[in-house]
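Novice: Sending over data-v1.cif (mmCIF, C-alpha atoms and all ligand atoms).
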```
data_coords
#
loop_
_atom_site.label_atom_id
_atom_site.label_comp_id
_atom_site.auth_asym_id
_atom_site.auth_seq_id
_atom_site.Cartn_x
_atom_site.Cartn_y
_atom_site.Cartn_z
CA MET L 3 14.66 -15.57 -24.20
CA MET L 4 11.91 -17.38 -22.31
CA LEU L 5 8.45 -18.62 -23.19
CA VAL L 6 5.92 -18.85 -20.37
CA HIS L 7 3.54 -21.46 -21.73
CA ASN L 8 -0.13 -21.90 -20.83
CA VAL L 9 -0.96 -19.01 -18.49
CA ARG L 10 -4.30 -17.43 -17.72
CA LEU L 11 -4.58 -13.66 -17.65
CA PRO L 12 -7.46 -12.20 -15.62
CA GLU L 13 -9.14 -10.60 -18.63
CA SER L 14 -8.85 -13.60 -20.99
CA PRO L 15 -10.24 -16.94 -19.79
CA GLU L 16 -8.46 -18.88 -22.58
CA PRO L 17 -4.82 -19.76 -21.81
CA VAL L 18 -2.10 -17.87 -23.66
CA ASP L 19 1.70 -17.92 -24.02
CA VAL L 20 3.92 -15.03 -23.01
CA ARG L 21 7.35 -14.45 -24.57
CA ILE L 22 10.12 -12.56 -22.79
CA ALA L 23 13.36 -11.20 -24.22
CA GLU L 24 15.88 -8.79 -22.75
CA ALA L 25 13.86 -8.45 -19.55
CA ARG L 26 10.70 -7.24 -21.36
CA PHE L 27 7.48 -8.82 -22.62
CA THR L 28 7.81 -9.20 -26.39
CA GLN L 29 4.76 -11.26 -27.41
CA ILE L 30 1.47 -12.36 -25.85
CA GLY L 31 -0.91 -14.72 -27.64
CA ALA L 32 -2.24 -18.23 -28.08
CA ASP L 33 0.20 -21.05 -29.04
CA LEU L 34 3.23 -18.92 -29.83
CA GLY L 35 5.45 -21.98 -30.45
CA VAL L 36 8.93 -22.47 -29.03
CA HIS L 37 11.88 -20.74 -30.67
CA ASP L 38 15.27 -22.46 -30.98
CA GLY L 39 17.21 -22.36 -27.74
CA GLU L 40 14.36 -20.78 -25.82
CA GLU L 41 13.80 -21.66 -22.18
CA VAL L 42 10.21 -22.85 -21.58
CA LEU L 43 8.32 -22.43 -18.32
CA ASP L 44 5.15 -24.53 -18.26
CA ALA L 45 2.66 -22.56 -16.12
CA GLN L 46 0.05 -25.37 -16.31
CA GLY L 47 -2.85 -22.97 -16.82
CA ARG L 48 -2.08 -20.89 -13.74
CA LEU L 49 -3.11 -17.26 -13.29
CA MET L 50 -0.50 -14.64 -14.20
CA LEU L 51 -0.78 -11.18 -12.66
CA PRO L 52 1.56 -8.23 -12.61
CA PRO L 53 3.51 -8.17 -9.31
CA PHE L 54 1.68 -7.16 -6.16
CA ILE L 55 2.14 -3.63 -4.89
CA GLU L 56 2.13 -2.68 -1.22
CA SER L 57 0.86 0.90 -1.45
CA HIS L 58 0.87 1.71 2.26
CA ILE L 59 3.15 0.31 4.92
CA HIS L 60 5.33 1.57 7.76
CA LEU L 61 8.52 -0.45 7.32
CA ASP L 62 10.42 1.51 9.99
CA SER L 63 8.22 0.09 12.77
CA VAL L 64 7.83 -3.53 11.59
CA LEU L 65 8.49 -6.29 14.14
CA THR L 66 8.50 -3.93 17.15
CA ALA L 67 5.17 -5.01 18.72
CA GLY L 68 5.46 -5.03 22.51
CA GLN L 69 8.75 -3.08 22.54
CA PRO L 70 9.02 -1.72 25.20
CA GLU L 71 5.33 -2.18 25.99
CA PRO L 72 2.29 -3.46 24.08
CA ASN L 73 -0.50 -1.16 22.89
CA LEU L 74 -3.17 -2.29 25.36
CA SER L 75 -6.03 0.00 24.30
CA GLY L 76 -5.63 -0.87 20.61
CA THR L 77 -6.05 2.78 19.61
CA LEU L 78 -4.07 4.71 17.02
CA PHE L 79 -3.13 7.24 19.67
CA GLU L 80 -1.69 4.74 22.17
CA GLY L 81 0.16 3.25 19.21
CA ILE L 82 1.78 6.64 18.54
CA GLN L 83 2.83 6.83 22.23
CA ARG L 84 4.32 3.32 22.24
CA TRP L 85 6.15 4.00 19.01
CA ALA L 86 7.60 7.25 20.44
CA GLN L 87 9.18 5.13 23.21
CA ARG L 88 10.63 2.63 20.73
CA LYS L 89 11.70 5.41 18.34
CA ALA L 90 14.03 6.81 21.02
CA THR L 91 16.09 3.58 20.85
CA LEU L 92 16.32 3.22 17.04
CA THR L 93 19.64 2.65 15.32
CA VAL L 94 20.29 2.38 11.59
CA ASP L 95 21.34 -1.29 12.00
CA ASP L 96 18.21 -2.12 14.01
CA VAL L 97 15.93 -0.66 11.31
CA LYS L 98 17.85 -2.31 8.48
CA GLU L 99 17.84 -5.73 10.12
CA ARG L 100 14.04 -5.70 10.63
CA VAL L 101 13.24 -4.23 7.21
CA ASN L 102 15.54 -6.69 5.43
CA ARG L 103 13.60 -9.55 7.01
CA VAL L 104 10.16 -8.14 6.16
CA VAL L 105 11.02 -7.19 2.57
CA ARG L 106 12.00 -10.81 1.91
CA GLN L 107 8.75 -11.96 3.49
CA GLN L 108 6.84 -9.59 1.17
CA ALA L 109 8.83 -10.80 -1.85
CA GLY L 110 7.76 -14.37 -1.01
CA PHE L 111 4.15 -13.23 -1.34
CA GLY L 112 4.79 -11.74 -4.79
CA VAL L 113 5.25 -8.10 -3.76
CA GLN L 114 7.79 -6.17 -5.86
CA PHE L 115 6.83 -2.54 -5.15
CA VAL L 116 6.42 -0.94 -1.74
CA ARG L 117 5.49 2.55 -0.66
CA THR L 118 6.71 2.96 2.89
CA HIS L 119 5.96 5.82 5.25
CA VAL L 120 8.97 6.65 7.42
CA ASP L 121 8.60 8.68 10.59
CA VAL L 122 10.60 11.91 10.28
CA THR L 123 9.55 13.42 13.61
CA ASP L 124 12.98 12.42 14.91
CA PRO L 125 15.72 15.06 15.03
CA GLN L 126 18.30 12.40 14.02
CA LEU L 127 16.18 11.05 11.12
CA THR L 128 17.59 7.60 11.96
CA ALA L 129 14.85 5.51 10.30
CA LEU L 130 14.93 7.68 7.20
CA ARG L 131 18.69 7.24 6.80
CA ALA L 132 18.28 3.46 7.12
CA LEU L 133 15.47 3.33 4.54
CA LEU L 134 17.36 5.53 2.07
CA GLU L 135 20.26 3.04 2.19
CA LEU L 136 17.89 0.09 1.78
CA ARG L 137 16.14 1.69 -1.20
CA GLU L 138 19.46 1.51 -3.06
CA GLU L 139 20.63 -1.86 -1.70
CA LEU L 140 17.36 -3.66 -2.54
CA ALA L 141 16.52 -1.91 -5.83
CA GLU L 142 17.25 -4.99 -7.96
CA TRP L 143 14.57 -7.02 -6.11
CA MET L 144 12.15 -4.50 -4.67
CA THR L 145 11.19 -0.95 -5.64
CA ILE L 146 10.86 1.09 -2.47
CA GLN L 147 9.19 4.50 -2.48
CA ILE L 148 9.82 6.53 0.66
CA VAL L 149 7.29 8.91 2.18
CA ALA L 150 8.53 11.49 4.72
CA PHE L 151 5.86 10.88 7.32
CA PRO L 152 5.56 13.38 10.21
CA GLN L 153 4.03 10.98 12.75
CA GLU L 154 3.82 13.64 15.49
CA GLY L 155 2.79 16.52 13.25
CA ILE L 156 4.38 19.24 11.16
CA CYS L 157 3.10 22.42 12.87
CA SER L 158 2.69 20.70 16.27
CA PHE L 159 6.20 19.16 16.49
CA PRO L 160 9.38 21.11 17.24
CA ASP L 161 11.10 22.01 13.94
CA GLY L 162 8.48 19.98 12.06
CA ARG L 163 8.75 22.07 8.89
CA GLU L 164 12.56 21.91 8.94
CA LEU L 165 12.52 18.12 9.36
CA MET L 166 10.20 17.74 6.36
CA THR L 167 12.40 20.03 4.27
CA LYS L 168 15.51 18.11 5.34
CA ALA L 169 13.83 14.82 4.37
CA ALA L 170 13.08 16.32 0.95
CA ASP L 171 16.75 17.37 0.65
CA LEU L 172 17.88 13.84 1.54
CA GLY L 173 15.90 12.41 -1.39
CA VAL L 174 12.51 11.07 -0.32
CA ASP L 175 10.03 10.32 -3.12
CA VAL L 176 6.86 11.47 -1.38
CA LEU L 177 5.83 14.01 1.28
CA GLY L 178 3.28 13.15 3.98
CA ALA L 179 1.23 14.94 6.62
CA ILE L 180 -1.08 14.02 9.51
CA PRO L 181 -3.76 16.73 9.79
CA HIS L 182 -5.94 14.87 12.35
CA PHE L 183 -3.03 14.76 14.81
CA GLU L 184 -2.15 18.49 14.61
CA PHE L 185 -3.13 20.57 17.68
CA THR L 186 -5.73 22.66 15.87
CA ARG L 187 -7.77 22.81 12.70
CA GLU L 188 -5.67 25.81 11.66
CA TYR L 189 -2.48 23.77 12.02
CA ALA L 190 -4.08 20.95 10.04
CA VAL L 191 -4.80 23.31 7.13
CA GLU L 192 -1.39 24.97 7.43
CA SER L 193 0.42 21.60 7.38
CA LEU L 194 -1.42 20.55 4.21
CA ASN L 195 -0.65 23.85 2.50
CA PHE L 196 3.01 23.54 3.50
CA VAL L 197 3.33 20.00 2.15
CA CYS L 198 1.48 20.59 -1.13
CA ASN L 199 3.53 23.69 -1.86
CA LEU L 200 6.82 21.96 -1.02
CA ALA L 201 5.86 18.96 -3.20
CA ALA L 202 4.91 21.22 -6.12
CA GLU L 203 8.19 23.11 -5.78
CA ARG L 204 10.36 19.97 -5.57
CA GLY L 205 8.41 17.79 -8.04
CA LEU L 206 7.60 15.23 -5.33
CA LEU L 207 4.50 13.12 -4.76
CA VAL L 208 2.16 13.62 -1.77
CA ASP L 209 0.63 10.91 0.45
CA VAL L 210 -1.17 12.17 3.53
CA HIS L 211 -2.40 10.21 6.55
CA CYS L 212 -5.70 12.01 6.21
CA ASP L 213 -8.46 12.02 8.84
CA GLU L 214 -7.53 8.68 10.43
CA ILE L 215 -10.02 9.17 13.23
CA ASP L 216 -13.73 8.48 13.85
CA ASP L 217 -14.41 12.22 14.24
CA GLU L 218 -16.92 13.28 11.56
CA ALA L 219 -15.60 16.85 11.96
CA SER L 220 -12.12 15.83 10.76
CA ARG L 221 -12.05 17.34 7.28
CA GLY L 222 -8.47 17.55 6.18
CA LEU L 223 -9.48 15.75 2.97
CA GLU L 224 -11.38 18.73 1.52
CA THR L 225 -8.29 20.92 1.98
CA LEU L 226 -5.96 18.29 0.49
CA ALA L 227 -8.23 17.73 -2.55
CA THR L 228 -8.61 21.49 -3.08
CA ARG L 229 -4.83 22.07 -3.00
CA ALA L 230 -4.31 19.11 -5.38
CA TYR L 231 -6.89 20.59 -7.74
CA GLU L 232 -5.66 24.18 -7.58
CA LEU L 233 -1.96 23.30 -7.89
CA GLY L 234 -2.72 20.82 -10.72
CA LEU L 235 -1.12 17.94 -8.75
CA GLY L 236 -3.99 15.52 -9.48
CA SER L 237 -2.94 11.86 -9.37
CA ARG L 238 0.39 12.83 -7.78
CA VAL L 239 -1.57 13.18 -4.54
CA THR L 240 -2.91 10.37 -2.35
CA ALA L 241 -5.16 10.44 0.69
CA SER L 242 -4.47 7.46 2.94
CA HIS L 243 -6.86 6.04 5.54
CA THR L 244 -9.62 8.77 5.37
CA THR L 245 -11.52 6.80 8.00
CA ALA L 246 -13.50 9.88 9.13
CA MET L 247 -15.29 9.59 5.76
CA HIS L 248 -16.97 6.51 7.21
CA SER L 249 -18.68 8.85 9.69
CA TYR L 250 -19.43 11.82 7.40
CA ASN L 251 -23.13 12.55 6.89
CA ASN L 252 -24.33 11.63 3.40
CA ALA L 253 -25.18 15.22 2.44
CA TYR L 254 -21.59 16.31 3.11
CA PHE L 255 -20.15 13.22 1.39
CA THR L 256 -22.22 13.86 -1.75
CA ARG L 257 -20.92 17.42 -1.94
CA LEU L 258 -17.35 16.27 -1.26
CA LEU L 259 -17.45 13.58 -3.96
CA ARG L 260 -17.63 16.21 -6.72
CA LEU L 261 -14.43 17.84 -5.48
CA LEU L 262 -12.71 14.44 -5.13
CA GLN L 263 -13.56 13.60 -8.75
CA MET L 264 -12.38 17.00 -9.99
CA SER L 265 -9.12 16.73 -8.05
CA GLY L 266 -8.10 13.33 -9.50
CA ILE L 267 -6.41 12.24 -6.26
CA ASN L 268 -5.90 8.60 -5.21
CA PHE L 269 -7.07 6.86 -2.06
CA VAL L 270 -5.46 4.11 -0.01
CA SER L 271 -7.58 2.14 2.42
CA ASN L 272 -6.04 -0.14 5.06
CA PRO L 273 -9.02 -2.30 5.94
CA VAL L 274 -7.28 -4.78 8.25
CA VAL L 275 -5.58 -2.27 10.52
CA ASN L 276 -8.39 0.29 10.53
CA THR L 277 -11.02 -2.24 11.61
CA HIS L 278 -8.66 -2.95 14.52
CA LEU L 279 -7.86 0.69 15.43
CA GLN L 280 -11.12 2.52 14.74
CA GLY L 281 -14.38 2.48 16.63
CA ARG L 282 -12.45 2.27 19.91
CA ALA L 283 -14.38 5.13 21.50
CA ASP L 284 -17.69 3.54 20.49
CA THR L 285 -19.66 1.22 22.73
CA TYR L 286 -22.29 -0.42 20.50
CA PRO L 287 -22.89 -0.11 17.63
CA LYS L 288 -19.18 0.01 16.80
CA ARG L 289 -18.17 1.67 13.55
CA ARG L 290 -16.01 -0.31 11.13
CA GLY L 291 -13.93 2.78 10.50
CA VAL L 292 -13.07 1.97 6.90
CA THR L 293 -13.39 4.64 4.22
CA ARG L 294 -16.13 4.44 1.54
CA VAL L 295 -14.25 2.20 -0.88
CA LYS L 296 -17.36 1.03 -2.73
CA GLU L 297 -18.75 4.52 -3.34
CA LEU L 298 -15.35 5.96 -4.33
CA THR L 299 -14.73 3.07 -6.74
CA GLU L 300 -18.18 3.40 -8.29
CA ALA L 301 -17.54 7.14 -8.76
CA GLY L 302 -14.45 6.29 -10.84
CA ILE L 303 -11.96 7.32 -8.15
CA ASN L 304 -8.76 5.30 -7.80
CA VAL L 305 -8.52 3.25 -4.58
CA SER L 306 -5.85 0.77 -3.52
CA PHE L 307 -5.43 -1.36 -0.39
CA GLY L 308 -2.45 -1.51 1.98
CA GLN L 309 -1.32 -3.65 4.91
CA ASP L 310 -0.22 -0.55 6.92
CA ASP L 311 1.53 -2.38 9.77
CA ILE L 312 3.27 -5.68 10.44
CA GLN L 313 3.68 -6.69 14.10
CA ASP L 314 4.13 -3.18 15.46
CA PRO L 315 2.33 -0.85 17.93
CA TRP L 316 -0.66 -0.55 15.57
CA ASN L 317 -1.03 -4.20 14.55
CA PRO L 318 0.20 -7.16 16.61
CA LEU L 319 -0.22 -9.53 13.62
CA GLY L 320 0.37 -9.36 9.86
CA THR L 321 2.72 -11.05 7.43
CA GLY L 322 2.81 -8.77 4.39
CA ASN L 323 0.58 -11.13 2.38
CA LEU L 324 -1.73 -8.75 0.50
CA ARG L 325 -4.24 -11.54 -0.09
CA ASP L 326 -5.28 -11.16 3.55
CA VAL L 327 -5.80 -7.42 3.06
CA VAL L 328 -7.96 -7.85 -0.05
CA PHE L 329 -9.92 -10.73 1.47
CA THR L 330 -10.75 -8.76 4.64
CA GLY L 331 -11.29 -5.56 2.67
CA LEU L 332 -13.98 -7.12 0.48
CA TYR L 333 -15.93 -8.30 3.53
CA VAL L 334 -15.62 -5.07 5.47
CA THR L 335 -16.65 -2.92 2.49
CA GLN L 336 -19.39 -5.35 1.37
CA MET L 337 -17.91 -5.76 -2.10
CA LEU L 338 -18.54 -9.46 -2.64
CA GLY L 339 -20.42 -9.40 -5.94
CA HIS L 340 -18.87 -11.74 -8.54
CA GLU L 341 -17.37 -8.89 -10.60
CA GLN L 342 -16.19 -7.09 -7.49
CA ILE L 343 -14.32 -10.19 -6.33
CA GLU L 344 -12.76 -10.90 -9.74
CA ASN L 345 -11.65 -7.26 -10.11
CA SER L 346 -10.34 -6.92 -6.58
CA HIS L 347 -6.73 -7.84 -7.45
CA ARG L 348 -6.62 -4.29 -8.86
CA PHE L 349 -6.55 -2.93 -5.30
CA VAL L 350 -3.06 -4.41 -4.99
CA THR L 351 -2.00 -4.31 -8.67
CA SER L 352 -3.07 -1.71 -11.26
CA ASN L 353 -4.83 0.73 -8.91
CA ALA L 354 -1.81 0.71 -6.61
CA ALA L 355 0.42 1.24 -9.67
CA ARG L 356 -1.45 4.45 -10.44
CA THR L 357 -0.97 5.62 -6.86
CA LEU L 358 2.76 4.94 -7.02
CA GLY L 359 2.93 6.59 -10.47
CA LEU L 360 4.54 3.55 -12.12
CA GLY L 361 3.19 4.39 -15.61
CA ASP L 362 4.49 2.23 -18.48
CA GLU L 363 6.97 0.42 -16.25
CA TYR L 364 4.24 -1.86 -14.87
CA GLY L 365 1.73 -4.32 -16.29
CA ILE L 366 1.60 -7.39 -18.53
CA GLU L 367 1.84 -5.74 -21.94
CA VAL L 368 4.27 -6.02 -24.82
CA GLY L 369 7.18 -3.63 -24.31
CA ARG L 370 6.86 -3.41 -20.54
CA PRO L 371 9.30 -4.95 -18.01
CA ALA L 372 8.82 -8.73 -17.69
CA SER L 373 7.73 -8.66 -14.06
CA PHE L 374 4.90 -10.94 -12.98
CA VAL L 375 3.65 -13.49 -10.50
CA LEU L 376 2.18 -16.94 -11.14
CA LEU L 377 -0.46 -18.00 -8.63
CA ASP L 378 -1.38 -21.59 -7.79
CA ALA L 379 -4.95 -21.06 -9.07
CA ASP L 380 -6.64 -20.44 -12.41
CA THR L 381 -8.76 -17.43 -11.40
CA TRP L 382 -8.32 -14.58 -8.96
CA SER L 383 -11.41 -15.52 -6.95
CA GLN L 384 -9.95 -19.02 -6.42
CA ALA L 385 -6.55 -17.59 -5.54
CA LEU L 386 -8.18 -15.28 -3.03
CA ASN L 387 -10.44 -17.91 -1.53
CA TRP L 388 -7.75 -20.56 -1.11
CA ASN L 389 -4.89 -18.20 -0.25
CA ALA L 390 -3.01 -19.59 -3.24
CA GLY L 391 0.76 -19.45 -3.06
CA VAL L 392 2.85 -17.39 -5.47
CA VAL L 393 4.58 -20.28 -7.22
CA ALA L 394 6.89 -17.87 -9.04
CA SER L 395 7.70 -14.18 -8.89
CA TYR L 396 9.71 -12.84 -11.82
CA ARG L 397 11.22 -9.35 -11.89
CA ASN L 398 12.63 -8.01 -15.14
CA GLY L 399 12.72 -11.56 -16.49
CA LYS L 400 14.52 -13.00 -13.45
CA LEU L 401 13.06 -15.42 -10.88
CA ILE L 402 13.29 -13.75 -7.45
CA ALA L 403 10.97 -15.89 -5.26
CA ARG L 404 9.07 -19.15 -5.44
CA THR L 405 6.70 -21.24 -3.30
CA GLU L 406 6.06 -24.97 -3.64
CA PRO L 407 2.35 -25.53 -4.35
CA VAL L 408 0.54 -26.95 -1.32
CA ARG L 409 -0.62 -30.53 -1.87
CA ARG L 410 -3.13 -31.71 0.72
CA GLU L 411 -4.22 -35.32 1.26
CA VAL L 412 -7.36 -36.19 3.17
CA LEU L 413 -7.10 -39.76 4.37
CA PHE L 414 -10.69 -40.96 4.35
FE FE2 L 501 -0.50 4.38 7.97
#
```
Take the structure in this file and express it as structure tokens.

Specialist:
Amino acid sequence: MMLVHNVRLPESPEPVDVRIAEARFTQIGADLGVHDGEEVLDAQGRLMLPPFIESHIHLDSVLTAGQPEPNLSGTLFEGIQRWAQRKATLTVDDVKERVNRVVRQQAGFGVQFVRTHVDVTDPQLTALRALLELREELAEWMTIQIVAFPQEGICSFPDGRELMTKAADLGVDVLGAIPHFEFTREYAVESLNFVCNLAAERGLLVDVHCDEIDDEASRGLETLATRAYELGLGSRVTASHTTAMHSYNNAYFTRLLRLLQMSGINFVSNPVVNTHLQGRADTYPKRRGVTRVKELTEAGINVSFGQDDIQDPWNPLGTGNLRDVVFTGLYVTQMLGHEQIENSHRFVTSNAARTLGLGDEYGIEVGRPASFVLLDADTWSQALNWNAGVVASYRNGKLIARTEPVRREVLF
């Protein structure tokens, strides 16, 4: 039994106490009082949030930037070329060593759930085998969802359909696709049909790299949303990136929005990496290349934010700290109203939980698993602004990471 004393929850400005027993939250309220023999953690009025969720990352490629060559143009497409070179040299041990390092980095920033895309356009499926092992080995500390991600296409890559089916047989959680990279529009549609049907048949989730390009004619999203709607997959489907939506004309977007609402699908935006990768064919003005987060959110559609890449061919920087992603995302999407800032933790907490389908196994509520983070700040806007450390990250009632609060002295 443990009592976390004097915490602030985002929705209640007055401090409360939180009681934990048998790895679950059992009581939340003001001045609960200490029970005999109970361990007490004094949170000193700090903000408590459910653990952070990384809803879009490519763990297989982390820490490979510059190997064997850097991505000099900074485009998505040169990134795919550079990765293809590095992919040819992958071993299970190499992938596991890099991912083990990054997962611990993420845990230090309060992340406890990760959805990783893993490239399956590899006849050996080396990265996938490594990630499947890690999903089991790390389960006590980190929940890892694996997406079979066909980086070089399904219909445009030799045996693409077979590789996706094999990945499903091996036990991935989610099926992906990459319609904007397929050779033709017909292949794009065919790949989405293939994946949605396979997911429906196997009871898997879907998360598509959808229209990650500045081409306003890239419209895989309407096909994906239609399949999700017709097959009744709804929130089991996610459209990641959707950067072409940035360039859609408003008449088309308005028509599309109705379908998106009817379909119930989720969106993941990766504002840090897409501001780096997109707009590369533009001179000036240069497009930001980030999907319409504000408009989707205001239309009641679920959007979360992801880091996408950590020091790999698509992003030379990145630590896994989701604060940086939210901070940048709010600026890029012009969502800096007071309420928008205070609510923005949802992009990496509850909204991401919906995308991952975590249901009742997530959130600070009585009866749910006692997993939470304590931030060195009393509100989310302060935590965001000052890049507050995660002083404690608890998972199922157990401390799994901590950071000493920063104490600065100015000597004048
Ligand atoms: Fe991605």

Novice: Could I get the residues of chain L with an atom no further than 10 Å from an atom of ligand FE2 501 (chain L), each paired with its nearest atom pair and that distance in Å to one decimal, using all atoms listed in the file, sorted by chain and residue number, as a tab-separated table?

Specialist:
```
residue	atom	partner	partner_atom	distance
L:His58	CA	L:FE2_501	FE	6.5
L:Ile59	CA	L:FE2_501	FE	6.3
L:His60	CA	L:FE2_501	FE	6.5
L:Leu78	CA	L:FE2_501	FE	9.7
L:Thr118	CA	L:FE2_501	FE	8.9
L:His119	CA	L:FE2_501	FE	7.2
L:Val120	CA	L:FE2_501	FE	9.8
L:Phe151	CA	L:FE2_501	FE	9.1
L:Gln153	CA	L:FE2_501	FE	9.3
L:Ile180	CA	L:FE2_501	FE	9.8
L:Val210	CA	L:FE2_501	FE	9.0
L:His211	CA	L:FE2_501	FE	6.3
L:Cys212	CA	L:FE2_501	FE	9.4
L:Glu214	CA	L:FE2_501	FE	8.6
L:Ser242	CA	L:FE2_501	FE	7.1
L:His243	CA	L:FE2_501	FE	7.0
L:Val270	CA	L:FE2_501	FE	9.4
L:Ser271	CA	L:FE2_501	FE	9.3
L:Asn272	CA	L:FE2_501	FE	7.7
L:Val275	CA	L:FE2_501	FE	8.7
L:Asn276	CA	L:FE2_501	FE	9.2
L:Gly308	CA	L:FE2_501	FE	8.6
L:Gln309	CA	L:FE2_501	FE	8.6
L:Asp310	CA	L:FE2_501	FE	5.0
L:Asp311	CA	L:FE2_501	FE	7.3
L:Trp316	CA	L:FE2_501	FE	9.1
```

Novice: Please determine, counting only C-alpha atoms, which residue among L:Asn195, L:Thr77, L:Gln114, L:Asn102 has the shortest atom-to-atom distance to Asp216 in chain L.

Specialist: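 Closest to Asp216 in chain L, using only C-alpha atoms: L:Thr77.
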
Novice: Report the distance between CA of Thr167 in chain L and CA of Lys98 in chain L in Å, rounded to one decimal place.

Specialist: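 That distance, rounded to one decimal, is 23.4 Å.
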
Novice: Could you tell me how far CA of Leu140 in chain L sits from CA of Glu367 in chain L, in Å to one decimal place?

Specialist: 24.9 Å

Novice: Can you tell me which residues surround Thr335 in chain L at a distance of at most 8 Å, considering only C-alpha atoms, apart from same-chain residues fewer than 2 positions away, and format the answer as a list in words?

Specialist: Val292, Arg294, Val295, Lys296, Gly331, Leu332, Tyr333 and Met337 of chain L

Novice: Could those selected residues go to a file with C-alpha atoms, as a short mmCIF file (atom, residue, chain, number, x, y, z; two decimals), in the coordinates of the input?

Specialist:
```
data_model
loop_
_atom_site.label_atom_id
_atom_site.label_comp_id
_atom_site.auth_asym_id
_atom_site.auth_seq_id
_atom_site.Cartn_x
_atom_site.Cartn_y
_atom_site.Cartn_z
CA VAL L 292 -13.07 1.97 6.90
CA ARG L 294 -16.13 4.44 1.54
CA VAL L 295 -14.25 2.20 -0.88
CA LYS L 296 -17.36 1.03 -2.73
CA GLY L 331 -11.29 -5.56 2.67
CA LEU L 332 -13.98 -7.12 0.48
CA TYR L 333 -15.93 -8.30 3.53
CA MET L 337 -17.91 -5.76 -2.10
#
```

Novice: For Val101 in chain L, list every protein, DNA or RNA residue within 12 Å, evaluated using only C-alpha atoms, and leave out those in the same chain fewer than 4 positions away; present the list as JSON, numbers by chain.

Specialist: {"L": [59, 60, 61, 62, 63, 64, 65, 66, 94, 95, 96, 97, 105, 106, 107, 108, 116, 118, 120, 129, 132, 133, 134, 135, 136, 137, 139, 140, 144, 146, 312, 322]}

Novice: For each of L:Asp38, L:Glu184, L:Glu80, L:Asp161, take the minimum atom-to-atom distance to Leu279 in chain L, counting all atoms listed in the file, then give the residue where this is smallest.

Specialist: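 Checking each candidate against Leu279 in chain L, we get L:Glu80 as the closest.
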
Novice: Using all atoms listed in the file, which of the listed residues (L:Ile366, L:Leu259, L:Ala283, L:Ala301) sits closest to Glu13 in chain L?

Specialist: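 Closest residue, counting all atoms listed in the file: L:Ile366.
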
Novice: Check the smallest atom-to-atom distance from each of L:Leu127, L:Asp380, L:Ser158, L:Val393 to Pro15 in chain L using only C-alpha atoms, then report the winner.

Specialist: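 Of the candidates, the smallest distance to Pro15 in chain L is held by L:Asp380.
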
Novice: Using CA of Ser75 in chain L and CA of His182 in chain L as the two end points, give the distance in Å to one decimal.

Specialist: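 Answer for the CA of Ser75 in chain L to CA of His182 in chain L separation: 19.1 Å.
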